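**Student:** What follows is target19.txt, made up of compact mmCIF, C-alpha atoms:
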# COMPACT_ATOMS: atom_id res chain seq x y z
CA MET E 1 8.95 -9.33 -2.86
CA LYS E 2 8.47 -9.85 -6.58
CA GLU E 3 5.12 -10.85 -8.01
CA GLY E 4 6.35 -14.19 -9.25
CA SER E 5 7.74 -15.47 -5.95
CA SER E 6 5.82 -17.55 -3.43
CA PHE E 7 5.51 -15.77 -0.08
CA LEU E 8 5.64 -19.07 1.78
CA LYS E 9 7.65 -21.81 0.10
CA GLY E 10 5.98 -25.18 -0.08
CA VAL E 11 2.52 -23.83 0.78
CA MET E 12 -0.09 -23.52 -1.95
CA VAL E 13 -2.80 -20.88 -1.53
CA THR E 14 -6.08 -21.92 -3.14
CA ILE E 15 -8.05 -19.13 -4.82
CA ALA E 16 -11.47 -18.87 -6.46
CA LEU E 17 -12.49 -16.09 -8.87
CA ALA E 18 -15.92 -14.51 -9.29
CA ASP E 19 -16.50 -11.99 -12.08
CA ASP E 20 -19.13 -11.85 -14.81
CA HIS E 21 -16.52 -11.01 -17.47
CA VAL E 22 -14.71 -14.06 -18.86
CA VAL E 23 -11.75 -12.01 -20.07
CA VAL E 24 -11.23 -10.55 -16.60
CA ARG E 25 -11.29 -14.01 -15.01
CA GLN E 26 -8.85 -15.38 -17.57
CA GLY E 27 -6.49 -12.46 -17.02
CA LEU E 28 -6.63 -12.86 -13.25
CA ARG E 29 -5.97 -16.59 -13.50
CA LEU E 30 -2.89 -16.02 -15.65
CA LEU E 31 -1.61 -13.33 -13.31
CA LEU E 32 -2.16 -15.29 -10.12
CA GLU E 33 -0.78 -18.57 -11.40
CA SER E 34 2.43 -16.82 -12.42
CA ASP E 35 3.23 -17.25 -8.71
CA PRO E 36 4.00 -20.91 -7.93
CA GLY E 37 2.43 -20.46 -4.50
CA PHE E 38 -1.04 -19.64 -5.88
CA VAL E 39 -3.50 -21.97 -7.60
CA VAL E 40 -6.92 -21.01 -8.96
CA VAL E 41 -9.33 -23.83 -8.08
CA GLY E 42 -12.41 -22.49 -9.84
CA GLU E 43 -14.25 -19.60 -11.48
CA ALA E 44 -17.76 -18.22 -11.16
CA ALA E 45 -19.72 -15.80 -13.35
CA ASP E 46 -22.11 -14.57 -10.65
CA GLY E 47 -22.75 -14.56 -6.92
CA ILE E 48 -24.83 -17.74 -6.84
CA GLU E 49 -22.12 -19.67 -8.69
CA ALA E 50 -19.51 -18.17 -6.35
CA LEU E 51 -21.35 -19.43 -3.28
CA GLU E 52 -21.64 -22.94 -4.68
CA LEU E 53 -17.99 -22.88 -5.74
CA VAL E 54 -16.83 -21.84 -2.27
CA LYS E 55 -18.93 -24.55 -0.59
CA ARG E 56 -17.62 -27.18 -2.98
CA ARG E 57 -13.92 -26.30 -3.27
CA LYS E 58 -13.38 -24.46 0.06
CA PRO E 59 -10.72 -22.06 -1.27
CA GLN E 60 -8.64 -20.02 1.14
CA VAL E 61 -9.39 -16.86 -0.83
CA LEU E 62 -12.28 -15.70 -3.01
CA ILE E 63 -11.60 -12.72 -5.27
CA VAL E 64 -14.96 -11.24 -6.20
CA ASP E 65 -16.16 -8.35 -8.34
CA LEU E 66 -18.40 -5.81 -6.63
CA MET E 67 -21.01 -5.65 -9.40
CA MET E 68 -22.29 -9.01 -10.66
CA PRO E 69 -25.67 -10.32 -11.86
CA GLY E 70 -27.85 -12.22 -9.40
CA LEU E 71 -26.03 -11.67 -6.14
CA ASP E 72 -23.63 -8.75 -6.16
CA GLY E 73 -20.21 -8.88 -4.54
CA LEU E 74 -21.42 -7.40 -1.26
CA GLU E 75 -24.24 -9.89 -0.72
CA THR E 76 -21.98 -12.74 -1.82
CA THR E 77 -19.42 -11.62 0.75
CA ARG E 78 -22.06 -11.41 3.48
CA ARG E 79 -23.32 -14.93 2.81
CA ILE E 80 -19.84 -16.41 2.65
CA SER E 81 -18.88 -14.76 5.94
CA ARG E 82 -21.81 -16.58 7.54
CA LEU E 83 -20.91 -20.03 6.24
CA LYS E 84 -19.92 -22.25 9.15
CA LYS E 85 -16.84 -24.49 9.08
CA LEU E 86 -15.39 -22.47 6.21
CA ASP E 87 -12.55 -20.01 6.46
CA THR E 88 -12.61 -18.48 3.00
CA ARG E 89 -11.31 -14.91 3.05
CA VAL E 90 -12.97 -12.55 0.57
CA ILE E 91 -11.14 -9.88 -1.41
CA ILE E 92 -13.29 -7.36 -3.28
CA LEU E 93 -11.68 -6.41 -6.60
CA THR E 94 -13.50 -3.46 -8.12
CA MET E 95 -13.28 -0.25 -10.09
CA TYR E 96 -15.13 1.58 -7.29
CA GLY E 97 -13.02 3.38 -4.69
CA ASP E 98 -15.99 5.11 -3.05
CA GLU E 99 -16.09 5.28 0.73
CA ALA E 100 -19.64 3.90 0.89
CA TYR E 101 -18.70 0.76 -1.05
CA LEU E 102 -15.56 0.22 1.04
CA LEU E 103 -17.41 0.55 4.34
CA SER E 104 -20.16 -1.76 3.14
CA ALA E 105 -17.59 -4.35 2.04
CA LEU E 106 -15.85 -4.29 5.41
CA GLY E 107 -19.16 -4.41 7.23
CA TYR E 108 -20.24 -7.46 5.24
CA GLY E 109 -17.06 -9.31 6.13
CA ALA E 110 -14.56 -8.62 3.33
CA ALA E 111 -10.95 -9.10 4.36
CA GLY E 112 -9.52 -7.08 1.48
CA TYR E 113 -10.54 -4.28 -0.89
CA VAL E 114 -8.50 -3.71 -4.06
CA VAL E 115 -9.32 -1.25 -6.81
CA LYS E 116 -8.72 -2.45 -10.36
CA GLU E 117 -6.35 0.42 -11.13
CA SER E 118 -3.89 -1.22 -8.74
CA CYS E 119 -0.89 -3.12 -10.05
CA GLY E 120 -0.60 -6.89 -9.84
CA ALA E 121 1.77 -6.61 -6.88
CA ASP E 122 -1.04 -5.03 -4.83
CA LEU E 123 -3.34 -7.99 -5.46
CA PHE E 124 -0.54 -10.41 -4.57
CA GLN E 125 0.04 -8.54 -1.32
CA ALA E 126 -3.69 -8.53 -0.59
CA ILE E 127 -3.74 -12.32 -0.85
CA ARG E 128 -0.72 -12.65 1.42
CA ASP E 129 -2.25 -10.35 4.01
CA VAL E 130 -5.72 -11.88 4.16
CA VAL E 131 -4.34 -15.43 4.34
CA ALA E 132 -2.23 -14.25 7.27
CA GLY E 133 -5.36 -12.90 8.95
CA ARG E 134 -4.75 -9.23 8.21
CA LEU E 135 -7.01 -6.64 6.59
CA TYR E 136 -5.84 -5.24 3.24
CA LEU E 137 -6.94 -1.95 1.68
CA SER E 138 -5.67 -0.85 -1.72
CA PRO E 139 -2.86 1.74 -1.60
CA LEU E 140 -4.90 3.78 -4.08
CA LEU E 141 -7.29 4.49 -1.22
CA SER E 142 -5.37 7.52 -0.08
CA GLU E 143 -3.79 8.11 3.30
CA ALA E 144 -6.19 11.01 3.78
CA PHE E 145 -9.14 8.67 3.24
CA THR E 146 -7.73 6.20 5.77
CA ARG E 147 -7.27 8.95 8.35
CA ARG E 148 -10.83 10.17 7.73
CA TYR E 149 -12.21 6.66 8.10
CA LEU E 150 -10.37 6.05 11.36
CA ARG E 151 -11.53 9.42 12.70
CA LYS E 152 -15.16 8.60 11.91
CA PHE E 153 -14.77 5.10 13.29
CA ARG E 154 -13.47 6.40 16.60
CA THR E 155 -16.20 9.03 16.82
CA ALA E 156 -18.91 6.45 16.21
CA LEU E 157 -17.58 4.10 18.87
CA LEU E 158 -17.35 6.93 21.37
CA LYS E 159 -20.98 7.83 20.65
CA LEU E 160 -21.91 4.22 21.26
CA SER E 161 -20.08 4.26 24.60
CA ASP E 162 -22.32 6.68 26.48
CA THR E 163 -22.89 4.07 29.20
CA LEU E 164 -19.16 3.56 29.86
CA THR E 165 -17.47 4.78 33.01
CA THR E 166 -14.77 7.45 32.87
CA ARG E 167 -12.05 4.83 33.27
CA GLU E 168 -13.55 2.62 30.56
CA ARG E 169 -13.50 5.58 28.19
CA LYS E 170 -9.82 6.15 28.95
CA VAL E 171 -9.12 2.49 28.28
CA LEU E 172 -11.04 2.71 25.01
CA GLN E 173 -9.12 5.79 23.91
CA LEU E 174 -5.80 4.04 24.55
CA VAL E 175 -7.03 1.06 22.53
CA PHE E 176 -7.67 3.49 19.66
CA GLU E 177 -4.10 4.70 20.00
CA GLY E 178 -2.81 1.15 19.62
CA ALA E 179 -1.70 0.58 23.19
CA SER E 180 -1.48 -3.00 24.45
CA SER E 181 -3.40 -4.13 27.52
CA ARG E 182 -0.19 -4.03 29.57
CA ASP E 183 0.63 -0.51 28.34
CA ILE E 184 -2.89 0.63 29.23
CA GLY E 185 -2.55 -0.79 32.72
CA ALA E 186 0.78 0.96 33.24
CA ARG E 187 -0.44 4.32 31.94
CA LEU E 188 -3.65 4.28 33.96
CA LYS E 189 -2.02 2.61 36.98
CA ILE E 190 -4.51 -0.26 37.00
CA SER E 191 -3.98 -4.02 36.86
CA LEU E 192 -3.99 -6.07 33.69
CA ARG E 193 -7.02 -7.88 35.05
CA THR E 194 -8.87 -4.57 35.42
CA VAL E 195 -8.02 -3.58 31.85
CA LYS E 196 -9.38 -6.87 30.51
CA SER E 197 -12.48 -6.48 32.68
CA ASP E 198 -13.09 -2.97 31.30
CA LEU E 199 -12.76 -4.24 27.73
CA ALA E 200 -15.19 -7.05 28.48
CA ASN E 201 -17.64 -4.57 29.99
CA PHE E 202 -17.31 -2.38 26.93
CA VAL E 203 -18.17 -5.27 24.63
CA GLY E 204 -21.08 -6.31 26.86
CA LYS E 205 -22.58 -2.84 27.17
CA LEU E 206 -22.72 -2.54 23.42
CA GLY E 207 -24.57 -5.85 23.23
CA LEU E 208 -21.83 -7.40 21.09
CA ASN E 209 -19.84 -10.59 21.48
CA THR E 210 -16.38 -9.84 20.13
CA HIS E 211 -14.13 -7.00 19.03
CA ARG E 212 -14.81 -8.08 15.42
CA ASP E 213 -18.52 -7.57 16.12
CA ILE E 214 -17.76 -4.05 17.33
CA ILE E 215 -15.98 -3.20 14.09
CA ARG E 216 -18.76 -4.62 11.95
CA HIS E 217 -21.42 -2.84 14.00
CA ALA E 218 -19.69 0.51 13.64
CA VAL E 219 -19.03 0.08 9.93
CA ARG E 220 -22.64 -0.91 9.18
CA ARG E 221 -23.75 2.34 10.79
CA ARG E 222 -21.68 4.10 8.06
CA VAL E 223 -19.28 5.62 10.59
Can the structure in the file be given as structure tokens, please?
**Tutor:**
Amino acid sequence: MKEGSSFLKGVMVTIALADDHVVVRQGLRLLLESDPGFVVVGEAADGIEALELVKRRKPQVLIVDLMMPGLDGLETTRRISRLKKLDTRVIILTMYGDEAYLLSALGYGAAGYVVKESCGADLFQAIRDVVAGRLYLSPLLSEAFTRRYLRKFRTALLKLSDTLTTRERKVLQLVFEGASSRDIGARLKISLRTVKSDLANFVGKLGLNTHRDIIRHAVRRRV
């Protein structure tokens, strides 16, 4: 899909921008509003302004720089993710492709991470994905990095699962492999109800409430 075409005709995506450089914000606004499906509803020069802007305008997406005066992008993301009755999705747009920054951003609730070397099409796709409820990572974060992250993520969760039964560990491993609950039941010859019970036990034994909590917990431990 070309940059200048709306990904969902008739639906306007509201976007807020947070960056301490005026020229960057102006450039982003021009780029984003070249798509008739995107509208920039406000700009902020720092994290405090970004928080107030999000509370006031309730944009679907906030694109925020990682390094800003006052509150940086990470802390801004963390606070926005905790705002109740708001569903603003945060995309970090930064020059930093370091693993530590990426993991911190995901742990603090970012839905997307785009490095500034990316082309405009990548940012457009990031917006589409996060509005659709998907996670977006910049293509410039190499495939090798992604594989390494997933490997560490799996290892960390397995370390956290020392209290799981043998069957629960098998269920967890199949979840890692992308198997559905029905597939897991068929492969392990157990009922769908048992699979769901094992997943619930897994969440409970880790002292977490949801699968999203599990991801955030693992990421914050720098898996």
**Student:** Do a neighbour search on Leu137 in chain E at 7 Å with all atoms listed in the file, toss out local chain neighbours closer than 3 positions, and write the hits as a list in words.
**Tutor:**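 Everything that qualifies: Gly112, Tyr113 and Val114 of chain E.
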**Student:** Would you work out the distance separating CA of Asn201 in chain E from CA of Val175 in chain E, expressed in Å to one decimal?
**Tutor:**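 For CA of Asn201 in chain E relative to CA of Val175 in chain E, the distance reads 14.1 Å.
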**Student:** When you count all atoms listed in the file, which of these residues is closest to Thr94 in chain E: E:Thr166, E:Ser81, E:Ser138, E:Thr194?
**Tutor:** E:Ser138
**Student:** Counting all atoms listed in the file, which residue out of E:Asp122, E:Glu168, E:Asp183, E:Asp98 sits closest to Leu31 in chain E?
**Tutor:**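 Checking each of E:Asp122, E:Glu168, E:Asp183, E:Asp98 against Leu31 in chain E, counting all atoms listed in the file, the winner is E:Asp122.
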**Student:** Find the distance between CA of Val54 in chain E and CA of Cys119 in chain E and write it in Å to one decimal.
**Tutor:**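 Result for CA of Val54 in chain E versus CA of Cys119 in chain E: 25.8 Å, one decimal.
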**Student:** Rounded to one decimal, what separation in Å do you get between CA of Ala100 in chain E and CA of Arg79 in chain E?
**Tutor:**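 Computing the Euclidean distance for CA of Ala100 in chain E and CA of Arg79 in chain E yields 19.3 Å.
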**Student:** For range 10-22 of chain E, list every protein, DNA or RNA residue within 6 Å, evaluated using all atoms listed in the file, and leave out those in the same chain fewer than 5 positions away; present the list as JSON, numbers by chain.
**Tutor:** {"E": [37, 38, 39, 40, 41, 42, 43, 44, 45, 46, 50, 59, 60, 61, 62, 63, 64, 65, 68]}
**Student:** Using 5 Å of padding on each side, determine the axis-aligned box around all atoms of range 168-182 of chain E present in the file and give its centre and edge lengths in Å to one decimal, as lines of an AutoDock Vina configuration file.
**Tutor:**
center_x = -6.9
center_y = 1.0
center_z = 25.1
size_x = 23.4
size_y = 20.3
size_z = 20.9
**Student:** Determine the nearest neighbour of Gly109 in chain E from the options E:Ala121, E:Tyr96, E:Leu135, E:Asp129, counting all atoms listed in the file.
**Tutor:** E:Leu135
**Student:** If we count all atoms listed in the file, what is near Arg167 in chain E at a cut-off of 12 Å, once residues fewer than 5 positions away on the same chain are taken out, given as a list in words?
**Tutor:** Ser161, Leu172, Gln173, Leu174, Ile184, Gly185, Arg187, Leu188, Lys189, Ile190, Thr194, Val195, Ser197, Asp198, Leu199, Asn201 and Phe202 of chain E
**Student:** Would you pick out the contacts of Gly120 in chain E at 10 Å or less, using all atoms listed in the file, so that residues sharing its chain but fewer than 6 positions from it are not included, and give the list as a PyMOL selection string?
**Tutor:** chain E and resi 3+28+31-32+126
